[in-house]
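Visitor: My structure is stored as work_26.tsv, with TSV, C-alpha atoms.
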chain	number	residue	atom	x	y	z
A	3	MET	CA	0.00	0.00	0.00
A	4	ALA	CA	1.27	3.38	-1.01
A	5	GLU	CA	-0.80	5.07	1.65
A	6	TYR	CA	0.58	6.08	4.99
A	7	MET	CA	-0.51	3.68	7.71
A	8	SER	CA	1.12	2.17	10.77
A	9	ALA	CA	2.54	-1.33	10.07
A	10	PRO	CA	0.17	-3.33	12.35
A	11	LEU	CA	-2.74	-1.44	10.78
A	12	VAL	CA	-1.53	-2.46	7.32
A	13	SER	CA	-1.28	-6.10	8.47
A	14	ALA	CA	-4.80	-6.03	9.89
A	15	SER	CA	-6.12	-4.51	6.64
A	16	GLU	CA	-4.38	-7.20	4.61
A	17	GLN	CA	-6.01	-9.88	6.74
A	18	PHE	CA	-9.46	-8.38	6.24
A	19	ALA	CA	-8.79	-8.10	2.50
A	20	LYS	CA	-8.35	-11.89	2.35
A	21	LEU	CA	-12.04	-12.35	3.15
A	22	PRO	CA	-14.25	-12.95	0.10
A	23	GLY	CA	-15.96	-9.84	-1.27
A	24	ILE	CA	-13.83	-7.46	0.79
A	25	GLY	CA	-11.50	-5.19	-1.17
A	26	MET	CA	-8.55	-3.16	0.12
A	27	LYS	CA	-10.64	-0.04	0.68
A	28	THR	CA	-13.25	-1.82	2.82
A	29	ALA	CA	-10.51	-3.76	4.59
A	30	GLN	CA	-8.88	-0.48	5.67
A	31	LYS	CA	-12.21	0.83	6.89
A	32	LEU	CA	-12.65	-2.35	8.96
A	33	ALA	CA	-9.13	-2.06	10.39
A	34	TYR	CA	-9.78	1.54	11.47
A	35	PHE	CA	-13.11	0.42	12.95
A	36	ILE	CA	-11.32	-2.26	15.01
A	37	LEU	CA	-8.95	0.36	16.46
A	38	ASN	CA	-11.91	2.28	17.82
A	39	GLN	CA	-13.50	-0.71	19.55
A	40	PRO	CA	-12.97	-1.60	23.24
A	41	ILE	CA	-10.09	-4.04	23.55
A	42	GLU	CA	-12.31	-6.73	25.17
A	43	ASP	CA	-14.57	-6.64	22.10
A	44	VAL	CA	-11.62	-7.11	19.76
A	45	GLU	CA	-10.32	-9.95	21.93
A	46	LYS	CA	-13.74	-11.59	21.70
A	47	PHE	CA	-13.90	-11.06	17.92
A	48	SER	CA	-10.46	-12.58	17.49
A	49	SER	CA	-11.02	-15.56	19.78
A	50	GLU	CA	-14.54	-16.50	18.65
A	51	ILE	CA	-13.45	-16.68	15.03
A	52	LEU	CA	-10.41	-18.78	15.84
A	53	ASN	CA	-12.56	-20.94	18.11
A	54	ALA	CA	-15.04	-21.61	15.31
A	55	ARG	CA	-12.22	-22.79	13.07
A	56	LYS	CA	-10.68	-24.92	15.83
A	57	SER	CA	-13.78	-26.52	17.34
A	58	VAL	CA	-15.93	-27.06	14.28
A	59	HIS	CA	-15.41	-30.17	12.17
A	60	PHE	CA	-17.50	-32.60	10.12
A	61	CYS	CA	-20.28	-34.62	11.77
A	62	LYS	CA	-19.15	-38.25	11.55
A	63	VAL	CA	-22.53	-39.24	10.11
A	64	CYS	CA	-23.79	-36.50	7.79
A	65	GLN	CA	-20.56	-34.46	7.24
A	66	ASN	CA	-22.26	-31.19	8.21
A	67	PHE	CA	-20.29	-28.80	10.43
A	68	THR	CA	-20.58	-29.50	14.15
A	69	ASP	CA	-18.57	-29.01	17.33
A	70	SER	CA	-19.60	-32.41	18.73
A	71	ASP	CA	-19.07	-35.95	17.56
A	72	LYS	CA	-22.45	-36.02	15.80
A	73	CYS	CA	-24.39	-32.92	14.75
A	74	SER	CA	-27.61	-31.99	16.55
A	75	ILE	CA	-29.79	-33.17	13.67
A	76	CYS	CA	-28.17	-36.63	13.51
A	77	ASN	CA	-28.40	-36.77	17.33
A	78	ASP	CA	-32.09	-35.86	17.35
A	79	GLU	CA	-34.23	-38.92	18.23
A	80	LYS	CA	-37.25	-37.34	16.57
A	81	ARG	CA	-35.67	-37.05	13.11
A	82	ASP	CA	-36.48	-39.80	10.64
A	83	LYS	CA	-33.18	-41.54	9.85
A	84	SER	CA	-34.71	-43.46	6.94
A	85	ILE	CA	-34.85	-40.40	4.67
A	86	ILE	CA	-31.56	-38.72	3.69
A	87	CYS	CA	-31.55	-35.36	1.93
A	88	VAL	CA	-28.29	-34.86	-0.02
A	89	VAL	CA	-27.02	-31.26	-0.35
A	90	GLU	CA	-23.92	-29.56	-1.67
A	91	ALA	CA	-22.95	-27.45	1.35
A	92	PRO	CA	-23.77	-26.74	5.02
A	93	LYS	CA	-25.51	-23.50	4.03
A	94	ASP	CA	-28.06	-25.59	2.13
A	95	VAL	CA	-28.90	-27.44	5.36
A	96	SER	CA	-29.46	-24.02	6.97
A	97	ALA	CA	-31.78	-22.98	4.14
A	98	LEU	CA	-33.85	-26.19	4.28
A	99	GLU	CA	-34.09	-26.11	8.08
A	100	ARG	CA	-35.18	-22.47	7.95
A	101	ALA	CA	-37.87	-23.36	5.42
A	102	GLY	CA	-39.03	-26.20	7.67
A	103	GLY	CA	-41.14	-29.15	6.56
A	104	PHE	CA	-38.40	-31.76	6.39
A	105	ASN	CA	-38.05	-34.21	9.24
A	106	GLY	CA	-35.42	-36.56	7.84
A	107	VAL	CA	-31.65	-36.23	8.05
A	108	TYR	CA	-29.05	-34.70	5.73
A	109	HIS	CA	-25.87	-35.59	3.91
A	110	VAL	CA	-23.46	-32.80	2.99
A	111	LEU	CA	-21.30	-33.51	-0.07
A	112	HIS	CA	-18.99	-30.48	0.40
A	113	GLY	CA	-18.85	-29.86	-3.31
A	114	LEU	CA	-20.29	-31.06	-6.61
A	115	LEU	CA	-18.84	-33.21	-9.37
A	116	SER	CA	-17.18	-30.96	-11.92
A	117	PRO	CA	-14.87	-32.53	-14.50
A	118	MET	CA	-13.95	-29.03	-15.73
A	119	ASP	CA	-12.52	-28.16	-12.30
A	120	ASN	CA	-11.05	-31.62	-11.79
A	121	VAL	CA	-13.52	-32.50	-9.03
A	122	GLY	CA	-14.24	-36.24	-9.18
A	123	PRO	CA	-16.29	-38.61	-7.00
A	124	ASN	CA	-13.40	-39.05	-4.55
A	125	ASP	CA	-13.14	-35.30	-3.92
A	126	ILE	CA	-16.60	-35.01	-2.38
A	127	LYS	CA	-18.31	-37.00	0.37
A	128	ILE	CA	-19.94	-39.67	-1.80
A	129	ALA	CA	-18.25	-42.70	-0.17
A	130	GLU	CA	-19.50	-41.44	3.21
A	131	LEU	CA	-23.05	-41.34	1.79
A	132	VAL	CA	-22.88	-44.87	0.38
A	133	LYS	CA	-21.67	-46.15	3.78
A	134	ARG	CA	-24.89	-44.82	5.36
A	135	LEU	CA	-27.18	-46.73	3.00
A	136	SER	CA	-27.77	-49.70	5.28
A	137	GLY	CA	-31.11	-51.49	5.70
A	138	ASP	CA	-32.85	-48.55	7.43
A	139	VAL	CA	-32.68	-46.01	4.62
A	140	THR	CA	-35.73	-46.03	2.35
A	141	GLU	CA	-35.35	-42.78	0.41
A	142	VAL	CA	-32.56	-40.46	-0.74
A	143	ILE	CA	-33.65	-36.95	-1.81
A	144	MET	CA	-31.21	-35.26	-4.17
A	145	ALA	CA	-31.29	-31.57	-3.24
A	146	THR	CA	-28.31	-30.23	-5.16
A	147	ASN	CA	-28.77	-26.93	-6.99
A	148	PRO	CA	-30.34	-27.03	-10.48
A	149	THR	CA	-27.04	-26.19	-12.20
A	150	VAL	CA	-24.99	-28.31	-14.59
A	151	GLU	CA	-22.78	-29.54	-11.74
A	152	GLY	CA	-25.80	-30.08	-9.48
A	153	GLU	CA	-27.56	-32.20	-12.11
A	154	THR	CA	-24.42	-34.18	-12.94
A	155	THR	CA	-23.83	-34.98	-9.28
A	156	SER	CA	-27.47	-35.84	-8.75
A	157	SER	CA	-27.65	-38.30	-11.64
A	158	TYR	CA	-24.24	-39.84	-10.78
A	159	ILE	CA	-25.33	-40.56	-7.22
A	160	SER	CA	-28.78	-41.71	-8.28
A	161	ARG	CA	-27.29	-44.25	-10.69
A	162	MET	CA	-25.13	-45.52	-7.84
A	163	ILE	CA	-27.94	-45.86	-5.32
A	164	LYS	CA	-30.84	-47.20	-7.41
A	165	PRO	CA	-29.33	-50.72	-7.77
A	166	LEU	CA	-29.43	-50.95	-3.94
A	167	GLY	CA	-33.23	-50.83	-4.13
A	168	ILE	CA	-33.48	-47.45	-2.41
A	169	LYS	CA	-35.91	-44.83	-3.74
A	170	VAL	CA	-34.09	-41.77	-5.12
A	171	THR	CA	-36.01	-38.52	-5.60
A	172	ARG	CA	-35.13	-35.01	-6.80
A	173	LEU	CA	-36.41	-31.62	-5.56
A	174	ALA	CA	-39.29	-30.42	-7.73
A	175	TYR	CA	-38.74	-27.93	-10.53
A	176	GLY	CA	-41.33	-25.27	-11.29
A	177	LEU	CA	-42.31	-21.68	-10.78
A	178	PRO	CA	-40.97	-20.13	-7.57
A	179	ALA	CA	-43.54	-18.81	-5.10
A	180	GLY	CA	-44.75	-15.33	-6.03
A	181	ALA	CA	-43.34	-15.58	-9.56
A	182	THR	CA	-45.15	-14.27	-12.63
A	183	LEU	CA	-45.17	-16.19	-15.91
A	184	GLU	CA	-44.12	-13.02	-17.70
A	185	PHE	CA	-40.76	-12.80	-15.96
A	186	ALA	CA	-39.99	-16.51	-15.57
A	187	ASP	CA	-37.12	-17.79	-17.72
A	188	ASP	CA	-37.73	-20.31	-20.50
A	189	VAL	CA	-36.22	-23.34	-18.76
A	190	THR	CA	-38.28	-22.70	-15.62
A	191	LEU	CA	-41.46	-22.41	-17.70
A	192	GLN	CA	-40.69	-25.57	-19.67
A	193	ARG	CA	-40.07	-27.50	-16.47
A	194	ALA	CA	-43.20	-26.09	-14.84
A	195	LEU	CA	-45.20	-27.39	-17.82
A	196	GLU	CA	-43.49	-30.79	-17.89
A	197	ASN	CA	-44.03	-31.35	-14.17
A	198	ARG	CA	-47.63	-30.09	-14.12
A	199	ASN	CA	-49.91	-31.67	-11.47
A	200	GLU	CA	-53.53	-32.69	-11.78
A	201	LEU	CA	-55.94	-30.53	-9.79
B	27	MET	CA	-30.77	-17.08	14.27
B	28	ALA	CA	-33.54	-19.43	13.29
B	29	GLU	CA	-31.27	-21.29	10.90
B	30	TYR	CA	-29.50	-24.47	11.79
B	31	MET	CA	-25.82	-23.84	12.49
B	32	SER	CA	-23.31	-25.18	15.01
B	33	ALA	CA	-22.95	-22.87	18.05
B	34	PRO	CA	-19.32	-21.75	17.45
B	35	LEU	CA	-20.28	-20.99	13.86
B	36	VAL	CA	-23.16	-18.83	15.07
B	37	SER	CA	-20.79	-16.98	17.44
B	38	ALA	CA	-18.28	-16.35	14.66
B	39	SER	CA	-21.08	-15.07	12.38
B	40	GLU	CA	-22.29	-12.73	15.12
B	41	GLN	CA	-18.78	-11.34	15.52
B	42	PHE	CA	-18.47	-10.67	11.77
B	43	ALA	CA	-21.93	-9.05	11.80
B	44	LYS	CA	-20.63	-6.45	14.28
B	45	LEU	CA	-18.36	-5.02	11.59
B	46	PRO	CA	-19.74	-1.96	9.80
B	47	GLY	CA	-21.49	-2.69	6.51
B	48	ILE	CA	-21.65	-6.45	7.12
B	49	GLY	CA	-25.11	-7.94	7.54
B	50	MET	CA	-26.02	-11.34	8.97
B	51	LYS	CA	-26.09	-13.00	5.54
B	52	THR	CA	-22.56	-11.85	4.63
B	53	ALA	CA	-21.36	-12.62	8.16
B	54	GLN	CA	-22.49	-16.24	7.76
B	55	LYS	CA	-20.73	-16.45	4.41
B	56	LEU	CA	-17.53	-15.18	6.04
B	57	ALA	CA	-17.85	-17.66	8.92
B	58	TYR	CA	-18.23	-20.55	6.46
B	59	PHE	CA	-15.23	-19.20	4.53
B	60	ILE	CA	-13.12	-19.21	7.71
B	61	LEU	CA	-13.96	-22.89	8.33
B	62	ASN	CA	-12.50	-23.80	4.96
B	63	GLN	CA	-9.19	-21.98	5.51
B	64	PRO	CA	-6.02	-23.63	6.84
B	65	ILE	CA	-5.86	-23.26	10.62
B	66	GLU	CA	-2.56	-21.32	10.46
B	67	ASP	CA	-4.23	-18.72	8.24
B	68	VAL	CA	-7.10	-18.29	10.68
B	69	GLU	CA	-4.63	-18.03	13.57
B	70	LYS	CA	-2.80	-15.30	11.67
B	71	PHE	CA	-6.05	-13.50	10.84
B	72	SER	CA	-7.11	-13.61	14.46
B	73	SER	CA	-3.76	-12.53	15.93
B	74	GLU	CA	-2.93	-9.75	13.45
B	75	ILE	CA	-6.25	-8.05	14.08
B	76	LEU	CA	-5.90	-8.28	17.85
B	77	ASN	CA	-2.28	-7.12	17.53
B	78	ALA	CA	-3.33	-4.02	15.58
B	79	ARG	CA	-5.77	-3.08	18.32
B	80	LYS	CA	-3.23	-3.77	21.07
B	81	SER	CA	-0.12	-2.19	19.58
B	82	VAL	CA	-1.57	0.83	17.82
B	83	HIS	CA	-2.21	4.00	19.80
B	84	PHE	CA	-2.06	7.75	19.25
B	85	CYS	CA	1.21	9.43	18.28
B	86	LYS	CA	2.09	11.68	21.25
B	87	VAL	CA	2.64	14.60	18.88
B	88	CYS	CA	0.10	14.49	16.05
B	89	GLN	CA	-2.44	11.99	17.50
B	90	ASN	CA	-2.34	9.84	14.36
B	91	PHE	CA	-2.31	6.05	14.83
B	92	THR	CA	1.14	4.58	15.38
B	93	ASP	CA	2.75	1.60	17.06
B	94	SER	CA	5.72	3.67	18.29
B	95	ASP	CA	6.03	6.62	20.63
B	96	LYS	CA	5.93	9.08	17.73
B	97	CYS	CA	4.57	8.29	14.27
B	98	SER	CA	6.90	7.97	11.31
B	99	ILE	CA	5.90	11.36	9.88
B	100	CYS	CA	6.58	13.20	13.16
B	101	ASN	CA	9.85	11.26	13.43
B	102	ASP	CA	10.93	12.16	9.90
B	103	GLU	CA	13.75	14.75	9.99
B	104	LYS	CA	12.92	15.84	6.45
B	105	ARG	CA	9.35	16.91	7.23
B	106	ASP	CA	8.77	20.60	7.86
B	107	LYS	CA	7.56	20.88	11.48
B	108	SER	CA	6.56	24.53	11.02
B	109	ILE	CA	3.49	23.69	8.92
B	110	ILE	CA	0.71	21.67	10.55
B	111	CYS	CA	-2.15	20.25	8.47
B	112	VAL	CA	-5.23	19.63	10.64
B	113	VAL	CA	-7.49	16.72	9.62
B	114	GLU	CA	-10.50	14.94	11.04
B	115	ALA	CA	-9.28	11.34	10.95
B	116	PRO	CA	-6.25	9.09	10.27
B	117	LYS	CA	-7.73	8.09	6.90
B	118	ASP	CA	-7.41	11.74	5.81
B	119	VAL	CA	-3.67	11.59	6.50
B	120	SER	CA	-3.56	8.47	4.29
B	121	ALA	CA	-5.40	10.32	1.52
B	122	LEU	CA	-3.14	13.39	1.63
B	123	GLU	CA	0.03	11.30	1.79
B	124	ARG	CA	-1.14	9.23	-1.15
B	125	ALA	CA	-1.80	12.42	-3.12
B	126	GLY	CA	1.70	13.67	-2.24
B	127	GLY	CA	2.84	17.27	-2.40
B	128	PHE	CA	2.72	18.08	1.31
B	129	ASN	CA	5.94	18.07	3.28
B	130	GLY	CA	4.71	19.43	6.61
B	131	VAL	CA	3.28	17.47	9.54
B	132	TYR	CA	-0.29	16.59	10.54
B	133	HIS	CA	-2.63	16.90	13.46
B	134	VAL	CA	-5.51	14.42	13.75
B	135	LEU	CA	-8.56	15.73	15.62
B	136	HIS	CA	-10.34	12.34	15.81
B	137	GLY	CA	-13.71	13.94	15.21
B	138	LEU	CA	-15.35	17.25	14.35
B	139	LEU	CA	-17.30	19.72	16.49
B	140	SER	CA	-20.98	18.84	16.30
B	141	PRO	CA	-23.34	20.46	18.82
B	142	MET	CA	-26.16	18.28	17.46
B	143	ASP	CA	-24.29	15.12	18.48
B	144	ASN	CA	-22.98	16.65	21.72
B	145	VAL	CA	-19.39	16.77	20.47
B	146	GLY	CA	-17.68	19.81	21.98
B	147	PRO	CA	-14.08	21.15	21.88
B	148	ASN	CA	-13.02	18.87	24.75
B	149	ASP	CA	-14.17	15.75	22.90
B	150	ILE	CA	-11.69	16.13	20.06
B	151	LYS	CA	-7.93	16.70	20.07
B	152	ILE	CA	-7.95	20.54	20.04
B	153	ALA	CA	-6.03	21.05	23.30
B	154	GLU	CA	-3.27	18.77	21.92
B	155	LEU	CA	-3.09	20.99	18.82
B	156	VAL	CA	-2.86	24.22	20.81
B	157	LYS	CA	0.00	22.73	22.87
B	158	ARG	CA	2.01	22.25	19.66
B	159	LEU	CA	1.75	25.88	18.60
B	160	SER	CA	5.07	26.97	20.06
B	161	GLY	CA	7.49	29.41	18.40
B	162	ASP	CA	8.39	27.11	15.49
B	163	VAL	CA	4.95	26.80	13.89
B	164	THR	CA	4.29	29.38	11.16
B	165	GLU	CA	1.18	28.00	9.43
B	166	VAL	CA	-1.81	25.83	10.27
B	167	ILE	CA	-3.72	24.39	7.28
B	168	MET	CA	-7.32	23.47	8.07
B	169	ALA	CA	-8.05	20.36	6.00
B	170	THR	CA	-11.35	19.24	7.48
B	171	ASN	CA	-14.05	18.12	5.03
B	172	PRO	CA	-16.26	20.80	3.44
B	173	THR	CA	-19.31	19.78	5.50
B	174	VAL	CA	-21.20	21.79	8.14
B	175	GLU	CA	-19.21	20.12	10.94
B	176	GLY	CA	-15.95	20.50	9.03
B	177	GLU	CA	-16.53	24.23	8.50
B	178	THR	CA	-17.62	24.78	12.10
B	179	THR	CA	-14.51	23.05	13.42
B	180	SER	CA	-12.30	24.88	10.97
B	181	SER	CA	-13.58	28.33	11.95
B	182	TYR	CA	-13.57	27.51	15.68
B	183	ILE	CA	-9.91	26.47	15.57
B	184	SER	CA	-8.95	29.34	13.29
B	185	ARG	CA	-10.46	31.90	15.72
B	186	MET	CA	-8.45	30.28	18.50
B	187	ILE	CA	-5.14	30.28	16.65
B	188	LYS	CA	-5.17	33.63	14.83
B	189	PRO	CA	-4.59	35.70	18.04
B	190	LEU	CA	-1.32	33.75	18.47
B	191	GLY	CA	-0.04	35.39	15.27
B	192	ILE	CA	0.08	32.11	13.32
B	193	LYS	CA	-1.14	32.03	9.71
B	194	VAL	CA	-4.26	29.86	9.32
B	195	THR	CA	-5.26	28.63	5.84
B	196	ARG	CA	-8.04	26.44	4.45
B	197	LEU	CA	-7.92	23.88	1.61
B	198	ALA	CA	-9.07	25.45	-1.67
B	199	TYR	CA	-12.61	25.00	-2.92
B	200	GLY	CA	-13.34	24.63	-6.61
B	201	LEU	CA	-13.98	22.17	-9.40
B	202	PRO	CA	-12.54	18.71	-8.86
B	203	ALA	CA	-10.05	17.46	-11.43
B	204	GLY	CA	-11.78	16.01	-14.48
B	205	ALA	CA	-15.11	17.58	-13.57
B	206	THR	CA	-17.44	19.11	-16.13
B	207	LEU	CA	-19.35	22.32	-15.41
B	208	GLU	CA	-22.55	20.63	-16.53
B	209	PHE	CA	-22.53	18.10	-13.72
B	210	ALA	CA	-20.96	20.20	-10.94
B	211	ASP	CA	-23.34	21.11	-8.11
B	212	ASP	CA	-24.34	24.74	-7.48
B	213	VAL	CA	-22.26	25.29	-4.35
B	214	THR	CA	-19.13	23.94	-6.05
B	215	LEU	CA	-19.71	26.22	-9.05
B	216	GLN	CA	-20.31	29.28	-6.86
B	217	ARG	CA	-17.13	28.60	-4.92
B	218	ALA	CA	-15.13	27.98	-8.09
B	219	LEU	CA	-16.28	31.41	-9.32
B	220	GLU	CA	-15.56	33.19	-6.02
B	221	ASN	CA	-12.08	31.71	-5.75
B	222	ARG	CA	-11.14	32.28	-9.39
B	223	ASN	CA	-7.45	32.88	-10.11
B	224	GLU	CA	-5.85	35.30	-12.54
B	225	LEU	CA	-4.15	33.63	-15.51
For the file at hand, write its structure as C-alpha cells.
Guide:
Amino acid sequence: MAEYMSAPLVSASEQFAKLPGIGMKTAQKLAYFILNQPIEDVEKFSSEILNARKSVHFCKVCQNFTDSDKCSICNDEKRDKSIICVVEAPKDVSALERAGGFNGVYHVLHGLLSPMDNVGPNDIKIAELVKRLSGDVTEVIMATNPTVEGETTSSYISRMIKPLGIKVTRLAYGLPAGATLEFADDVTLQRALENRNEL
Amino acid sequence: MAEYMSAPLVSASEQFAKLPGIGMKTAQKLAYFILNQPIEDVEKFSSEILNARKSVHFCKVCQNFTDSDKCSICNDEKRDKSIICVVEAPKDVSALERAGGFNGVYHVLHGLLSPMDNVGPNDIKIAELVKRLSGDVTEVIMATNPTVEGETTSSYISRMIKPLGIKVTRLAYGLPAGATLEFADDVTLQRALENRNEL
C-alpha cells in the first residue's frame, strides 16, 4: 500500500482483505473500525473466530459442520433416519431447516462433481453417503442446486444408489412462489409445464 | 438465528456481523469461509487483528495512529515541522500522503465539532493541537471536510489560533479534477467562481 498507515494497521487490513468480497478499501475501513472498539470486544472477535475454526469439524454421520461428535440433527431422536436429503454445502442445510417441513436427516457432499474443475467422485463425500445406505434407509432426496454440476452430481449418485433398491427422488422444478409467468425464464417455464400436477 | 448452524459458527457469524457494513447474511458467508481456511491462516487473521488493536495508539505529537512513541511522519527529519495540516481522521492523513505534495506534519482531531451530536471542543484533540503551537509553527492548514461540521470546526480552531499570530489557511474550494461544469453542483460552481485565479 502506497498510503501512509502504521505497520500493524496495514497487516490487519491485509487480513481483512483476504475475506471474500472485501476489497482493500473496505478492509482499511474495517481495520480503522477495530482500532476504535474496546479491547475486550476485539479480543472476543479474534477468539470467537479462531474458536469456530478450531472446534468445528465434520459430523461423523452427515458431514455437516458440528462441534460435537455427531451434529444436533443426527443426534435428534425425533428425526427420521430413513430419509436422507443430499445437499452440496452446510448453508443448504441451513436454508432447508429455515424453510421447515423436512423431518429426515441430511448428507453434505462439500462440493459437486465438476470434471472441468477436476472434481471427481473421490473429492466429495460420496463414499461417506454410500456407507450410510444400510437397511434402514428407504429414500434419498437429491437436493443439489439445479445447475450443470448439481444435475451431474445428482444423476451420478442416483445411478449408484438405485441398484441398492433405495428410492431416489429429486427436488421439484417449477415456478418459484410469487413468480409471474411473464418474468420466468424459458427453462423454468418448460419445467413447470413438464411437471404439471392434476388438480 | 432461526437457521440451523453449530454454536461456534453462530458466534463467529455474530462477531463478523458487528463489523460496519456487514449484515447477517454476509457474516455467515464469512464464517463458512473461515472454516475452509487452513488453521494457520485463521490463527494469523485472528492474531494480526488483535495485535493491531493492542499495539496501535495515538502518536504523542500528532495523535495519528502509530505503534511507536511518535509516528513515522513526526519522526521524519525531512518533514517541515513549522506547517501543521489539521485533519478529522487518520484516513485523511492516508489520503493526503497518497496524493503527495505536502511536506509538513499533521494533526488528527479524531472527530469534528458537532453540537447536534454533543461533540464539543473537549471531545476532540484541540487542546493537543494548541500545545504544539510553540514558536516554530508558522502555518496551520485546516483540512477538514467541506461539511457543516468541518466548517464549524475549521472556523472555531482558526479563531483560537489567529490571536497567536500564526497564519491559518483552508484547503481550496473549486472544481474537482476532471469535472465538467454541466454536472458540478451549485455550491461547487459558486465557490469555483468566487475563488477564481488570474491567468
Visitor: So the first atom is CA of Val44 (chain A) and the second is CA of Phe42 (chain B); what is the distance between them in Å, to one decimal place?
Guide: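 Separation of CA of Val44 (chain A) and CA of Phe42 (chain B): 11.1 Å.
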Visitor: Residues of chain A within 6 Å of chain B, counting all atoms listed in the file, what are they? List them as a list in words.
Guide: Glu5, Tyr6, Ser8, Pro10, Leu11, Ala14, Gln17, Leu37, Phe47, Ser48, Glu50, Ile51, Ala54, Arg55, Thr68, Ser96 and Arg100 of chain A
Visitor: Name all residues at most 8 Å from region 141-151 of chain A (count all atoms listed in the file; drop same-chain ones fewer than 6 positions away) and give them as a VMD selection string.
Guide: chain A and resid 84 to 90 114 to 116 168 to 173
Visitor: Within 10 Å of region 143-150 of chain B, counting only C-alpha atoms, which residues show up once you throw out same-chain ones fewer than 3 positions away? Write them as number ranges by chain, please.
Guide: B: 114, 134-140, 153-155, 179, 182-183
Visitor: How many Å separate CA of Gly152 (chain A) from CA of Met118 (chain A)?
Guide: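 Computing the Euclidean distance for CA of Gly152 (chain A) and CA of Met118 (chain A) yields 13.4 Å.
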Visitor: CA of Lys107 (chain B) to CA of Val156 (chain B): how many Å, to one decimal?
Guide: 14.4 Å
